[in-house]
Structure formats: structure tokens, C-alpha cells
$ cat run-v3.cif   # mmCIF, C-alpha atoms
data_coords
loop_
_atom_site.label_atom_id
_atom_site.label_comp_id
_atom_site.auth_asym_id
_atom_site.auth_seq_id
_atom_site.Cartn_x
_atom_site.Cartn_y
_atom_site.Cartn_z
CA MET M 1 -27.27 13.31 -13.19
CA SER M 2 -29.89 15.42 -14.90
CA ASN M 3 -28.81 18.47 -16.91
CA THR M 4 -32.05 20.24 -15.98
CA THR M 5 -31.37 23.37 -13.92
CA ILE M 6 -33.54 25.17 -11.40
CA GLY M 7 -34.16 27.82 -14.05
CA ASP M 8 -35.34 25.17 -16.51
CA ARG M 9 -37.79 23.83 -13.94
CA ILE M 10 -39.05 27.32 -13.08
CA ARG M 11 -39.64 28.10 -16.77
CA ALA M 12 -41.42 24.79 -17.41
CA LEU M 13 -43.70 25.22 -14.38
CA ARG M 14 -44.35 28.90 -15.15
CA GLU M 15 -45.32 28.14 -18.74
CA PHE M 16 -47.47 25.22 -17.60
CA ARG M 17 -49.28 27.62 -15.23
CA ASP M 18 -49.52 30.15 -18.10
CA VAL M 19 -48.06 33.05 -16.13
CA THR M 20 -45.47 35.62 -17.20
CA GLN M 21 -42.22 36.26 -15.39
CA GLU M 22 -43.68 39.51 -14.07
CA GLU M 23 -46.80 37.77 -12.77
CA LEU M 24 -44.71 35.09 -11.08
CA ALA M 25 -42.50 37.74 -9.48
CA THR M 26 -45.57 39.48 -8.08
CA ARG M 27 -47.06 36.26 -6.73
CA ALA M 28 -43.79 35.17 -5.13
CA GLY M 29 -42.78 38.58 -3.85
CA VAL M 30 -39.37 38.43 -5.55
CA HIS M 31 -37.65 40.67 -8.11
CA VAL M 32 -38.41 39.79 -11.72
CA ASP M 33 -34.67 40.02 -12.55
CA THR M 34 -34.07 37.03 -10.26
CA ILE M 35 -36.49 34.93 -12.31
CA ARG M 36 -35.04 36.15 -15.61
CA LYS M 37 -31.47 35.33 -14.59
CA LEU M 38 -32.44 31.89 -13.28
CA GLU M 39 -34.34 31.01 -16.46
CA GLN M 40 -31.58 32.38 -18.72
CA GLY M 41 -28.95 30.39 -16.83
CA THR M 42 -26.88 33.44 -15.91
CA ARG M 43 -27.71 32.67 -12.30
CA GLN M 44 -27.73 29.09 -11.06
CA SER M 45 -29.54 29.48 -7.76
CA ALA M 46 -31.03 31.90 -5.23
CA ARG M 47 -31.47 32.16 -1.49
CA LEU M 48 -33.44 29.28 -0.01
CA ASN M 49 -36.28 31.54 1.08
CA THR M 50 -36.54 32.94 -2.46
CA LEU M 51 -36.80 29.42 -3.86
CA ARG M 52 -39.46 28.56 -1.28
CA SER M 53 -41.48 31.60 -2.36
CA LEU M 54 -41.14 30.65 -6.03
CA ALA M 55 -42.17 27.05 -5.32
CA SER M 56 -45.25 28.25 -3.44
CA ALA M 57 -46.19 30.67 -6.23
CA LEU M 58 -45.80 27.86 -8.77
CA ASP M 59 -47.94 25.53 -6.65
CA THR M 60 -45.22 22.93 -6.28
CA GLU M 61 -43.02 21.58 -3.53
CA LEU M 62 -39.52 22.94 -2.98
CA GLU M 63 -38.02 19.48 -3.47
CA ARG M 64 -39.48 19.34 -7.00
CA LEU M 65 -38.07 22.77 -7.84
CA LEU M 66 -34.61 21.75 -6.63
CA GLY M 67 -34.81 18.42 -8.43
CA SER M 68 -34.28 16.43 -5.22
CA PRO M 69 -34.29 12.64 -5.75
CA THR M 70 -37.59 10.79 -5.33
CA VAL M 71 -36.11 7.30 -5.62
CA THR M 72 -33.53 5.41 -3.61
CA PRO M 73 -30.11 5.11 -5.31
CA HIS M 74 -30.06 1.30 -5.04
CA GLN M 75 -33.06 -0.81 -6.01
CA PRO M 76 -33.55 -3.58 -3.43
CA ASP M 77 -34.27 -7.04 -4.81
CA ASP M 78 -37.36 -7.37 -2.61
CA GLY M 79 -38.98 -4.01 -3.22
CA GLY M 80 -38.35 -0.28 -3.21
CA LEU M 81 -40.30 2.94 -2.97
CA LEU M 82 -43.01 1.80 -5.38
CA ALA M 83 -43.46 -1.35 -3.32
CA LEU M 84 -43.71 0.88 -0.25
CA ARG M 85 -46.39 2.95 -1.98
CA ASP M 86 -48.36 -0.21 -2.73
CA ALA M 87 -48.04 -1.34 0.88
CA ILE M 88 -49.25 2.01 2.21
CA GLN M 89 -52.12 2.17 -0.27
CA ASP M 90 -53.47 -1.21 0.76
CA ILE M 91 -56.09 -1.96 -1.89
CA GLY M 92 -57.49 -4.89 0.04
CA ALA M 93 -58.47 -2.59 2.91
CA LEU M 94 -60.85 -0.57 0.74
CA PRO M 95 -64.59 -1.18 1.26
CA GLY M 96 -66.06 -3.44 -1.42
CA VAL M 97 -62.70 -4.76 -2.66
CA PRO M 98 -62.42 -8.56 -2.26
CA PRO M 99 -59.49 -9.48 -0.01
CA GLU M 100 -56.45 -11.16 -1.53
CA ASP M 101 -56.07 -14.89 -0.95
CA ILE M 102 -53.04 -15.44 1.29
CA ASP M 103 -51.65 -18.96 1.35
CA GLU M 104 -49.06 -18.52 4.09
CA ASP M 105 -49.29 -17.97 7.84
CA PRO M 106 -48.20 -14.63 9.34
CA PRO M 107 -45.04 -14.58 11.48
CA ALA M 108 -45.20 -14.83 15.25
CA ALA M 109 -45.94 -11.50 16.92
CA ASP M 110 -42.63 -11.36 18.81
CA ALA M 111 -40.60 -12.14 15.67
CA TRP M 112 -42.44 -9.44 13.75
CA THR M 113 -41.89 -6.92 16.58
CA GLY M 114 -38.16 -7.65 16.36
CA SER M 115 -38.21 -6.71 12.67
CA VAL M 116 -39.89 -3.42 13.59
CA ARG M 117 -37.09 -2.60 16.05
CA SER M 118 -34.50 -3.31 13.36
CA ALA M 119 -36.35 -1.06 10.90
CA VAL M 120 -36.41 1.82 13.37
CA SER M 121 -32.66 1.51 13.89
CA LEU M 122 -32.06 1.37 10.14
CA TYR M 123 -34.06 4.57 9.57
CA TRP M 124 -32.06 6.58 12.09
CA LYS M 125 -28.81 5.25 10.62
CA GLY M 126 -29.83 6.55 7.18
CA GLY M 127 -30.11 3.18 5.43
CA TYR M 128 -32.99 4.22 3.20
CA SER M 129 -32.41 1.83 0.29
CA THR M 130 -32.34 -1.21 2.55
CA LEU M 131 -35.28 0.08 4.56
CA SER M 132 -37.37 0.69 1.43
CA GLY M 133 -36.91 -2.97 0.60
CA GLN M 134 -37.89 -4.16 4.10
CA LEU M 135 -40.82 -1.92 5.02
CA PRO M 136 -43.39 -3.21 2.48
CA LEU M 137 -43.07 -6.76 3.83
CA ILE M 138 -43.07 -5.54 7.45
CA LEU M 139 -46.29 -3.61 6.77
CA ARG M 140 -48.02 -6.55 5.12
CA ASP M 141 -46.89 -8.97 7.83
CA GLY M 142 -47.96 -6.50 10.51
CA ARG M 143 -51.49 -6.24 9.12
CA ALA M 144 -51.71 -10.04 9.06
CA VAL M 145 -50.41 -10.34 12.64
CA ALA M 146 -52.89 -7.68 13.79
CA ARG M 147 -55.82 -9.54 12.21
CA ASP M 148 -55.02 -12.67 14.23
CA ALA M 149 -53.95 -11.06 17.51
CA THR M 150 -56.23 -10.96 20.55
CA GLY M 151 -56.27 -9.37 24.01
CA SER M 152 -53.21 -7.46 25.21
CA THR M 153 -51.16 -8.89 22.34
CA ALA M 154 -53.50 -7.16 19.87
CA ARG M 155 -52.97 -3.81 21.59
CA ASP M 156 -49.18 -4.22 21.43
CA VAL M 157 -49.28 -5.27 17.76
CA TRP M 158 -51.45 -2.31 16.76
CA GLN M 159 -49.07 0.02 18.58
CA GLN M 160 -46.12 -1.45 16.67
CA LEU M 161 -48.04 -1.29 13.40
CA ALA M 162 -48.65 2.41 14.05
CA LEU M 163 -44.89 2.78 14.48
CA VAL M 164 -44.25 1.06 11.13
CA TYR M 165 -46.64 3.45 9.41
CA GLN M 166 -44.74 6.30 11.08
CA LEU M 167 -41.53 4.95 9.55
CA ALA M 168 -43.24 4.64 6.16
CA ALA M 169 -44.46 8.24 6.37
CA SER M 170 -40.99 9.47 7.34
CA LEU M 171 -39.24 7.57 4.55
CA ALA M 172 -41.79 8.72 1.97
CA THR M 173 -41.36 12.32 3.12
CA GLN M 174 -37.58 12.10 2.90
CA ALA M 175 -37.93 10.74 -0.65
CA GLY M 176 -40.23 13.60 -1.69
CA HIS M 177 -43.49 11.63 -1.79
CA SER M 178 -45.52 13.65 0.69
CA SER M 179 -48.90 12.41 -0.57
CA TRP M 180 -47.91 8.83 0.29
CA ALA M 181 -46.66 10.09 3.63
CA PHE M 182 -50.00 11.72 4.38
CA GLN M 183 -51.76 8.42 3.72
CA ALA M 184 -49.29 6.58 5.94
CA VAL M 185 -49.90 9.02 8.81
CA GLU M 186 -53.65 8.53 8.40
CA LYS M 187 -53.11 4.80 8.91
CA GLN M 188 -50.71 5.44 11.79
CA LEU M 189 -53.41 7.40 13.60
CA ALA M 190 -56.00 4.67 12.90
CA ALA M 191 -53.63 2.02 14.30
CA ALA M 192 -52.93 4.18 17.37
CA ALA M 193 -56.69 4.38 17.95
CA ARG M 194 -56.95 0.56 17.70
CA ALA M 195 -54.17 0.35 20.29
CA SER M 196 -55.98 2.90 22.53
CA ASP M 197 -52.64 4.74 22.77
CA PRO M 198 -53.00 8.55 22.97
CA LEU M 199 -49.23 9.05 23.04
CA MET M 200 -48.77 7.14 19.78
CA ALA M 201 -51.53 9.34 18.37
CA GLY M 202 -49.46 12.31 19.53
CA MET M 203 -46.46 11.00 17.60
CA GLY M 204 -48.73 10.59 14.58
CA VAL M 205 -49.68 14.26 14.78
CA SER M 206 -46.00 15.20 15.17
CA THR M 207 -45.23 13.22 12.00
CA LEU M 208 -48.17 14.83 10.21
CA SER M 209 -46.87 18.27 11.18
CA TRP M 210 -43.56 17.44 9.49
CA VAL M 211 -45.34 16.19 6.36
CA LEU M 212 -47.36 19.42 6.19
CA LEU M 213 -44.17 21.43 6.73
CA ARG M 214 -42.57 19.75 3.73
CA GLN M 215 -45.71 20.48 1.71
CA GLY M 216 -45.44 24.18 2.57
CA ARG M 217 -48.61 24.12 4.70
CA TRP M 218 -46.87 25.92 7.54
CA GLU M 219 -49.86 27.38 9.37
CA GLN M 220 -51.62 24.01 9.54
CA ALA M 221 -48.38 22.28 10.55
CA GLN M 222 -47.96 24.63 13.50
CA GLN M 223 -51.59 24.59 14.56
CA ILE M 224 -52.10 20.83 14.71
CA ALA M 225 -48.87 20.24 16.65
CA GLU M 226 -49.74 22.99 19.15
CA ARG M 227 -53.28 21.72 19.64
CA LYS M 228 -52.09 18.16 20.24
CA ALA M 229 -49.40 19.38 22.64
CA ASP M 230 -52.08 21.25 24.60
CA GLU M 231 -54.20 18.08 24.69
CA LEU M 232 -51.31 15.95 25.99
CA GLU M 233 -49.66 18.55 28.24
CA PRO M 234 -48.19 16.55 31.16
CA SER M 235 -48.45 17.11 34.86
CA PHE M 236 -44.89 18.00 35.87
CA ARG M 237 -45.39 16.12 39.14
CA LYS M 238 -47.12 12.94 37.90
CA ALA M 239 -46.29 12.40 34.22
CA GLY M 240 -43.85 9.75 33.05
CA LYS M 241 -40.95 10.11 30.63
CA ALA M 242 -42.93 8.90 27.62
CA GLN M 243 -45.52 11.65 28.04
CA PHE M 244 -42.82 14.31 28.34
CA GLY M 245 -41.09 12.85 25.27
CA VAL M 246 -44.17 13.00 23.06
CA TYR M 247 -45.18 16.43 24.40
CA GLY M 248 -41.67 17.76 23.73
CA ASN M 249 -41.63 16.32 20.21
CA LEU M 250 -44.90 18.11 19.46
CA LEU M 251 -43.53 21.43 20.71
CA VAL M 252 -40.38 21.02 18.61
CA ALA M 253 -42.55 20.10 15.61
CA ALA M 254 -44.68 23.24 16.07
CA ALA M 255 -41.63 25.51 16.38
CA ALA M 256 -40.31 24.71 12.89
CA PRO M 257 -43.32 25.99 10.90
CA ALA M 258 -43.68 28.93 13.29
CA ALA M 259 -40.15 29.98 12.36
CA ARG M 260 -40.82 29.44 8.64
CA ARG M 261 -43.75 31.87 9.04
CA ASP M 262 -41.36 34.41 10.65
CA ARG M 263 -43.20 34.07 13.96
CA ARG M 264 -39.95 33.87 15.88
CA ASP M 265 -41.40 34.84 19.25
CA GLU M 266 -43.84 31.94 19.00
CA ALA M 267 -41.09 29.54 17.92
CA ASP M 268 -38.84 30.64 20.78
CA GLU M 269 -41.64 30.23 23.32
CA LEU M 270 -42.43 26.73 22.03
CA LEU M 271 -38.78 25.72 22.34
CA ASN M 272 -38.54 27.24 25.81
CA LEU M 273 -41.42 25.01 26.86
CA ALA M 274 -39.76 22.02 25.15
CA GLU M 275 -36.49 22.70 26.98
CA THR M 276 -38.34 22.78 30.30
CA ALA M 277 -39.92 19.43 29.46
CA ALA M 278 -36.52 17.98 28.46
CA THR M 279 -34.97 19.16 31.71
CA ARG M 280 -37.75 17.41 33.61
CA SER M 281 -37.64 14.17 31.63
CA GLY M 282 -33.97 13.69 30.82
CA GLN M 283 -33.15 11.69 27.68
CA VAL M 284 -36.16 9.73 26.39
CA ARG M 285 -36.25 7.10 23.64
CA VAL M 286 -39.85 6.29 22.87
CA TYR M 287 -42.15 5.53 19.92
CA GLY M 288 -39.30 5.20 17.45
CA THR M 289 -37.77 8.58 18.23
CA ALA M 290 -35.87 10.41 20.97
CA PHE M 291 -36.24 13.56 23.00
CA SER M 292 -33.69 15.35 25.13
CA ARG M 293 -32.25 18.79 25.77
CA VAL M 294 -29.81 18.39 22.87
CA ASP M 295 -32.78 17.80 20.53
CA VAL M 296 -34.15 21.17 21.61
CA GLN M 297 -30.75 22.84 21.18
CA THR M 298 -30.35 21.59 17.61
CA GLN M 299 -33.86 22.80 16.80
CA GLN M 300 -32.90 26.25 18.12
CA VAL M 301 -30.13 26.28 15.53
CA ASN M 302 -32.57 25.16 12.84
CA ILE M 303 -35.13 27.89 13.52
CA ALA M 304 -32.41 30.55 13.63
CA MET M 305 -31.82 29.68 9.96
CA ALA M 306 -35.52 29.64 9.02
CA GLY M 307 -37.77 32.32 7.57
CA GLU M 308 -37.10 35.44 5.56
CA ASN M 309 -34.84 37.04 8.16
CA ASN M 310 -32.64 34.18 9.23
CA GLU M 311 -29.82 34.73 11.72
CA PRO M 312 -26.69 32.77 10.77
CA GLU M 313 -24.53 34.44 13.42
CA LYS M 314 -27.01 33.40 16.12
CA ALA M 315 -27.22 29.91 14.63
CA LEU M 316 -23.46 29.42 14.89
CA ARG M 317 -23.42 30.81 18.42
CA LEU M 318 -26.11 28.33 19.44
CA ALA M 319 -24.38 25.49 17.57
CA ALA M 320 -21.21 26.07 19.59
CA CYS M 321 -23.17 24.97 22.68
CA VAL M 322 -24.35 21.68 21.14
CA ASP M 323 -22.53 18.56 22.29
CA LEU M 324 -22.49 16.43 19.14
CA THR M 325 -21.56 13.34 21.13
CA ALA M 326 -24.84 13.67 23.04
CA ILE M 327 -26.92 13.29 19.85
CA SER M 328 -28.12 9.69 19.91
CA ARG M 329 -29.28 9.32 16.29
CA PRO M 330 -26.75 9.54 13.41
CA VAL M 331 -29.27 11.11 11.01
CA HIS M 332 -30.17 13.78 13.58
CA SER M 333 -26.50 14.70 13.97
CA ALA M 334 -26.14 14.94 10.20
CA ARG M 335 -29.22 17.15 9.85
CA HIS M 336 -27.91 19.52 12.50
CA ARG M 337 -24.55 19.86 10.75
CA VAL M 338 -26.28 20.66 7.44
CA ASP M 339 -27.92 23.60 9.25
CA VAL M 340 -24.50 24.60 10.56
CA ALA M 341 -23.01 24.44 7.05
CA HIS M 342 -25.72 26.76 5.73
CA ALA M 343 -24.99 29.23 8.53
CA GLN M 344 -21.24 29.01 7.89
CA TYR M 345 -21.73 29.83 4.22
CA GLN M 346 -24.00 32.78 4.95
CA MET M 347 -21.39 34.14 7.35
CA GLY M 348 -18.80 34.05 4.55
CA ASP M 349 -17.04 30.84 5.55
CA GLY M 350 -17.44 28.89 2.32
CA ASP M 351 -14.48 26.62 3.04
CA GLY M 352 -15.89 25.72 6.45
CA ALA M 353 -19.33 25.07 4.97
CA LEU M 354 -17.89 22.77 2.31
CA ALA M 355 -15.80 20.90 4.89
CA THR M 356 -18.89 20.38 7.07
CA LEU M 357 -20.98 19.11 4.15
CA LEU M 358 -18.22 16.74 3.02
CA GLU M 359 -17.97 15.40 6.56
CA VAL M 360 -21.70 14.76 6.62
CA GLU M 361 -21.58 13.12 3.20
CA ASN M 362 -18.76 10.85 4.34
CA GLU M 363 -20.88 9.66 7.26
CA GLN M 364 -24.30 9.70 5.55
CA PRO M 365 -23.74 9.36 1.77
CA GLU M 366 -27.28 8.19 1.06
CA TRP M 367 -29.19 10.40 3.51
CA ILE M 368 -27.62 13.67 2.32
CA ARG M 369 -28.93 13.15 -1.22
CA TYR M 370 -32.46 13.75 0.07
CA GLN M 371 -31.72 16.96 1.98
CA THR M 372 -33.13 20.12 0.44
CA MET M 373 -31.01 22.35 2.65
CA ALA M 374 -27.79 20.62 1.57
CA ALA M 375 -28.68 20.92 -2.12
CA ALA M 376 -29.72 24.56 -1.76
CA THR M 377 -26.52 25.46 0.09
CA VAL M 378 -24.40 23.82 -2.60
CA GLN M 379 -26.42 25.67 -5.27
CA GLU M 380 -25.65 28.99 -3.54
CA MET M 381 -21.96 28.12 -3.25
CA LEU M 382 -21.77 27.24 -6.94
CA GLY M 383 -23.45 30.51 -7.86
CA ALA M 384 -20.78 32.45 -5.97
CA GLU M 385 -17.84 30.33 -7.19
CA ARG M 386 -15.02 32.51 -8.55
CA ARG M 387 -12.50 29.79 -9.28
CA ARG M 388 -13.29 26.22 -10.17
CA ASN M 389 -13.55 24.19 -6.96
CA THR M 390 -13.19 20.50 -7.73
CA ALA M 391 -14.37 19.34 -4.30
CA LEU M 392 -17.46 21.55 -4.45
CA ARG M 393 -18.33 20.44 -7.98
CA GLY M 394 -17.84 16.81 -7.05
CA LEU M 395 -20.24 17.21 -4.14
CA ALA M 396 -22.71 19.03 -6.40
CA SER M 397 -22.59 16.16 -8.87
CA ARG M 398 -23.18 13.54 -6.18
CA LEU M 399 -26.13 15.52 -4.78
CA GLY M 400 -27.69 15.81 -8.23
CA VAL M 401 -27.03 19.57 -8.40
CA ASP M 402 -26.11 20.75 -11.90
CA PRO M 403 -22.52 22.09 -11.61
CA SER M 404 -22.40 23.76 -15.03
CA LEU M 405 -22.10 27.54 -14.73
#
$ encode --input "run-v3.cif" --output "C-alpha cells"
Amino acid sequence: MSNTTIGDRIRALREFRDVTQEELATRAGVHVDTIRKLEQGTRQSARLNTLRSLASALDTELERLLGSPTVTPHQPDDGGLLALRDAIQDIGALPGVPPEDIDEDPPAADAWTGSVRSAVSLYWKGGYSTLSGQLPLILRDGRAVARDATGSTARDVWQQLALVYQLAASLATQAGHSSWAFQAVEKQLAAAARASDPLMAGMGVSTLSWVLLRQGRWEQAQQIAERKADELEPSFRKAGKAQFGVYGNLLVAAAAPAARRDRRDEADELLNLAETAATRSGQVRVYGTAFSRVDVQTQQVNIAMAGENNEPEKALRLAACVDLTAISRPVHSARHRVDVAHAQYQMGDGDGALATLLEVENEQPEWIRYQTMAAATVQEMLGAERRRNTALRGLASRLGVDPSL
């Protein structure tokens, strides 16, 4: 675990940008005393929205400021995140670069498609280390299969290859490598075009919206998801479940950055539309993701905790209506409970927040290490600690949060 604190990282970035504490405070819209105390180490953290403002003013991503991990904890024998980067940034696909000589035949299309299904399942179970070892080979094999495929098989292979790039973008985003993720989404959209699949293109835009959200480009994240949702808006009488699923995912994607921008009315309206779509479609599992009414409900909790004026009491009230057993993806359930823990802490229930986070860690020990909200909540709890809490400090250590006060 690194001994570098948030204050250390703020000071290093501020000095690199050649700005004073006062100038940074003005740019970020925060009190200069907050910056002084963080840099001096007399304060270990700040509210999540304050840290977001500081990250934006320092022209960095929040994950970097918090020191979130950018590597998987276990290095797979057959690859890892750097191998995934190399697979995304396919040098041989660049114009003018001679292709690599390949002395082995690609796998059969149906066998390769089976490996894609397994990878999707692994992602939603939170097995990032294993997945980072598998995805580079799946990407390379998929490109080889696509080169040889013809007719309807080619269309199916390109659709599945788009899905693999979606997984690559999602894993890279979780690991804090948003520039790789952007490149992966670009290739996802190109593969969707080769497959002549507008719904897969819609999922690509939904993924891109999330990448932009993590980069702090909230306005663009909202706009592109809204525009694509408008383009794919289904006929409530004629549309199938897949169209409702993609449309709903886009609305949910647009609501998150709207809430971060404190445009709560817009976020609420987007989720109202998504809930209507979910009621019409029922539970949908499509394009490597899922959409249902419970997905909309958990997002309502998430946006209640977003923005400058978050509403933890409302978040907990909404969370009480969520049936956790109805959440089909383990990682989605874990993410929702991290939101709940943040709301619990802000409502003064530190013990409840810690219990919720420990429960999530027990179920998703690898996934939670990549979650900015979990790390920020633990930072806040440490800053308010009056008596040494062994369980809290143990969690802080495992999340890479510096527990020294």
C-alpha cells in the first residue's frame, strides 16, 4: 500500500500546474482552508463532490486523485492489463503497417463465440484479473475469425467482436485507463457498423457515455446518450425487448451525468422514461448487459447521491424499495450497496455504512478495490474517526486508502 495521501497528490499536481493554493481554491470553487488542511495532512479527505471539483481544477481524473488502482491485483500468466492495451491498440490494423505473420489457424466461430459468453459472465461476476488474462486472446482470435467469416456468419462474428470491445472498454474504465476504453469503444462502434446492428451501436454509445462520465466530461456524456436514445426510441406497440433494453440503457446512462451536473429534473425525467420502458419490456438480457425495473430503481438511488446537493435520506428511502434478489448481476448488486453505504454514512450511520461495505467486500473482494465511491466513503469515515476502528482501518488498507491520521 502506498503511503501517498490525497493531500500529497493534490500538492504534487498543484505544483506541477504551477498554481497556488488560493488559485486552486478559486478554480475549484472550494475553501482554501480545505486545500491547506489536506496538503498539511491535518485532514485526510473531503466530501466526494469537493474532490471531484479539485480533480477537475487540476485537470486530472478523480481516480488518480484518490490513488485508485490501475492494475489488477493478480498478474495472469497469459496476459494482464498491458496485454489488453496492446490488443485494443492493434498495431497491425493501422494503415501502412505490415501485418504480422500468423502461423496458426483461428478457432471455429462457434467455439470463439462460446469464449465471449464466458467472458461476459466473468465480467459481471467481478473476476477482473482472470478476465484481463483472457480478453487479449479473445480479441485477437475474434479479429482473425472475422477476417475469414462470410455471409450471415460474418455478421454474427462482427456483432460478437463488438461485444468483446465493449467488455474491454468496461474493464479498462474500471481499472482507471479511460483513454484505452475510449479506443475500445471506437472499435466497438466500427464492429457494430460491420455487423449492420444499430442496437449494438446504441450499446456502444451507452458505454462511451460511461467512459466520458468517468473522465468528468459530464455534458458530453449526457448529450450523446440522449441523442442516441432519441434515434432508437422504440414504438411501444411494435418494438421488441432488445430495442427497449438498449433504449432503457441509454436513458439510464444519460441520467447519471445529468445528476452530476445538478440537473436533477432532467435526470428524474430520463429515469421516468426508462421505468416506462422497463415496465413495457420486462427483464431483458441483451448485448452483454441487462435492463429491468430494478436497474432503474438502483439508478434512482445513485442519482440521489450525485451532484453538489445530494440527498442521502431520499437515497435510503428509495433503496428500501429495491429487491436485491431481483438484481441479476453480482457486480450491479455490489455497486448499488456501495451507494447505500455512502448514504448511510452521510445520514450519521457510520456503523451501518461500514457493515455494508464489508459485506460487499466479502462478496466482491477484487471489484471493490476499483470503486471510487467506496474509497471516498472510507476516506470520509477515517477523517471523522474518533476512536481507532480496527475493522475500518483494515478495510482502508485493503482498498489502498492510507489509514494514517
$ closest_residue --input "run-v3.cif" --among "M:Ile88, M:Val116, M:Leu82, M:Leu135" --to "Lys187 of chain M" --atoms "all atoms listed in the file"
M:Ile88
$ residues_around --input "run-v3.cif" --residues "Leu213 of chain M" --least-positions-apart "6" --cutoff "8 Å" --atoms "only C-alpha atoms" --output "PyMOL selection string"
chain M and resi 221+256-257
$ resolve_selection --input "run-v3.cif" --expression "the PyMOL selection byres ((chain M and resi 28) around 8)" --output "list in words"
Leu24, Ala25, Thr26, Arg27, Gly29, Val30, Ser53, Leu54, Ser56 and Ala57 of chain M
$ resolve_selection --input "run-v3.cif" --expression "the PyMOL selection byres ((chain M and resi 233) around 12)" --output "PyMOL selection string"
chain M and resi 198-199+202+225-232+234-240+242-251+273-274+277
$ resolve_selection --input "run-v3.cif" --expression "the PyMOL selection byres ((chain M and resi 334) around 10)" --output "list of chain:residue names"
M:Gly126, M:Leu324, M:Ile327, M:Arg329, M:Pro330, M:Val331, M:His332, M:Ser333, M:Arg335, M:His336, M:Arg337, M:Val338, M:Asp339, M:Val340, M:Thr356, M:Leu357, M:Glu359, M:Val360, M:Glu361, M:Glu363, M:Gln364, M:Trp367, M:Ile368
$ residues_around --input "run-v3.cif" --residues "Trp112 of chain M" --least-positions-apart "4" --cutoff "12 Å" --atoms "all atoms listed in the file" --output "list in words"
Pro106, Pro107, Ala108, Val116, Arg117, Ser118, Ala119, Gln134, Leu135, Leu137, Ile138, Leu139, Arg140, Asp141, Gly142, Arg143, Ala144, Val145, Ala146, Asp156, Val157, Trp158, Gln160, Leu161 and Val164 of chain M
$ residues_around --input "run-v3.cif" --residues "segment 302-312 of chain M" --least-positions-apart "5" --cutoff "8 Å" --atoms "all atoms listed in the file" --output "tab-separated table (two decimals) with C-alpha atoms, in the frame of the given file"
chain	number	residue	atom	x	y	z
M	49	ASN	CA	-36.28	31.54	1.08
M	255	ALA	CA	-41.63	25.51	16.38
M	256	ALA	CA	-40.31	24.71	12.89
M	259	ALA	CA	-40.15	29.98	12.36
M	260	ARG	CA	-40.82	29.44	8.64
M	261	ARG	CA	-43.75	31.87	9.04
M	262	ASP	CA	-41.36	34.41	10.65
M	267	ALA	CA	-41.09	29.54	17.92
M	336	HIS	CA	-27.91	19.52	12.50
M	339	ASP	CA	-27.92	23.60	9.25
M	342	HIS	CA	-25.72	26.76	5.73
M	343	ALA	CA	-24.99	29.23	8.53
M	344	GLN	CA	-21.24	29.01	7.89
M	346	GLN	CA	-24.00	32.78	4.95
M	347	MET	CA	-21.39	34.14	7.35
$ atom_distance --input "run-v3.cif" --atom1 "atom CA of Glu266 of chain M" --atom2 "atom CA of Ala254 of chain M"
9.2 Å
$ closest_residue --input "run-v3.cif" --among "M:Arg43, M:Arg194, M:Arg214, M:His177" --to "Glu380 of chain M" --atoms "all atoms listed in the file"
M:Arg43
$ residues_around --input "run-v3.cif" --residues "Gly288 of chain M" --least-positions-apart "4" --cutoff "9 Å" --atoms "all atoms listed in the file" --output "PyMOL selection string"
chain M and resi 117+120-121+163+166-167
$ build_atoms --input "run-v3.cif" --residues "segment 327-332 of chain M" --atoms "all heavy atoms" --output "PDB file, keeping the file's coordinate frame"
ATOM      1  N   ILE M 327     -25.851  13.567  20.806  1.00  0.00           N
ATOM      2  CA  ILE M 327     -26.920  13.290  19.850  1.00  0.00           C
ATOM      3  C   ILE M 327     -26.953  11.793  19.592  1.00  0.00           C
ATOM      4  O   ILE M 327     -25.977  11.225  19.101  1.00  0.00           O
ATOM      5  CB  ILE M 327     -26.730  14.075  18.551  1.00  0.00           C
ATOM      6  CG1 ILE M 327     -26.682  15.586  18.833  1.00  0.00           C
ATOM      7  CG2 ILE M 327     -27.842  13.767  17.560  1.00  0.00           C
ATOM      8  CD1 ILE M 327     -26.404  16.432  17.608  1.00  0.00           C
ATOM      9  N   SER M 328     -28.069  11.160  19.911  1.00  0.00           N
ATOM     10  CA  SER M 328     -28.120   9.690  19.910  1.00  0.00           C
ATOM     11  C   SER M 328     -28.367   9.093  18.533  1.00  0.00           C
ATOM     12  O   SER M 328     -28.087   7.911  18.315  1.00  0.00           O
ATOM     13  CB  SER M 328     -29.207   9.217  20.881  1.00  0.00           C
ATOM     14  OG  SER M 328     -30.485   9.720  20.499  1.00  0.00           O
ATOM     15  N   ARG M 329     -28.902   9.872  17.589  1.00  0.00           N
ATOM     16  CA  ARG M 329     -29.280   9.320  16.290  1.00  0.00           C
ATOM     17  C   ARG M 329     -28.367   9.896  15.199  1.00  0.00           C
ATOM     18  O   ARG M 329     -28.280  11.118  15.037  1.00  0.00           O
ATOM     19  CB  ARG M 329     -30.735   9.657  15.985  1.00  0.00           C
ATOM     20  CG  ARG M 329     -31.728   9.047  16.970  1.00  0.00           C
ATOM     21  CD  ARG M 329     -33.074   9.730  16.915  1.00  0.00           C
ATOM     22  NE  ARG M 329     -33.008  11.119  17.402  1.00  0.00           N
ATOM     23  CZ  ARG M 329     -33.978  11.998  17.296  1.00  0.00           C
ATOM     24  NH1 ARG M 329     -35.096  11.667  16.688  1.00  0.00           N
ATOM     25  NH2 ARG M 329     -33.839  13.204  17.778  1.00  0.00           N
ATOM     26  N   PRO M 330     -27.686   9.045  14.436  1.00  0.00           N
ATOM     27  CA  PRO M 330     -26.750   9.540  13.410  1.00  0.00           C
ATOM     28  C   PRO M 330     -27.388  10.519  12.418  1.00  0.00           C
ATOM     29  O   PRO M 330     -26.771  11.523  12.050  1.00  0.00           O
ATOM     30  CB  PRO M 330     -26.291   8.260  12.714  1.00  0.00           C
ATOM     31  CG  PRO M 330     -26.434   7.202  13.753  1.00  0.00           C
ATOM     32  CD  PRO M 330     -27.653   7.569  14.541  1.00  0.00           C
ATOM     33  N   VAL M 331     -28.614  10.232  11.977  1.00  0.00           N
ATOM     34  CA  VAL M 331     -29.270  11.110  11.010  1.00  0.00           C
ATOM     35  C   VAL M 331     -29.561  12.477  11.622  1.00  0.00           C
ATOM     36  O   VAL M 331     -29.457  13.509  10.958  1.00  0.00           O
ATOM     37  CB  VAL M 331     -30.559  10.444  10.488  1.00  0.00           C
ATOM     38  CG1 VAL M 331     -31.488  11.446   9.849  1.00  0.00           C
ATOM     39  CG2 VAL M 331     -30.205   9.358   9.481  1.00  0.00           C
ATOM     40  N   HIS M 332     -29.908  12.507  12.898  1.00  0.00           N
ATOM     41  CA  HIS M 332     -30.170  13.780  13.580  1.00  0.00           C
ATOM     42  C   HIS M 332     -28.899  14.614  13.636  1.00  0.00           C
ATOM     43  O   HIS M 332     -28.914  15.825  13.382  1.00  0.00           O
ATOM     44  CB  HIS M 332     -30.696  13.507  14.987  1.00  0.00           C
ATOM     45  CG  HIS M 332     -30.980  14.734  15.780  1.00  0.00           C
ATOM     46  ND1 HIS M 332     -31.075  14.727  17.144  1.00  0.00           N
ATOM     47  CD2 HIS M 332     -31.165  16.024  15.422  1.00  0.00           C
ATOM     48  CE1 HIS M 332     -31.328  15.936  17.593  1.00  0.00           C
ATOM     49  NE2 HIS M 332     -31.367  16.746  16.557  1.00  0.00           N
TER      50      HIS M 332
END
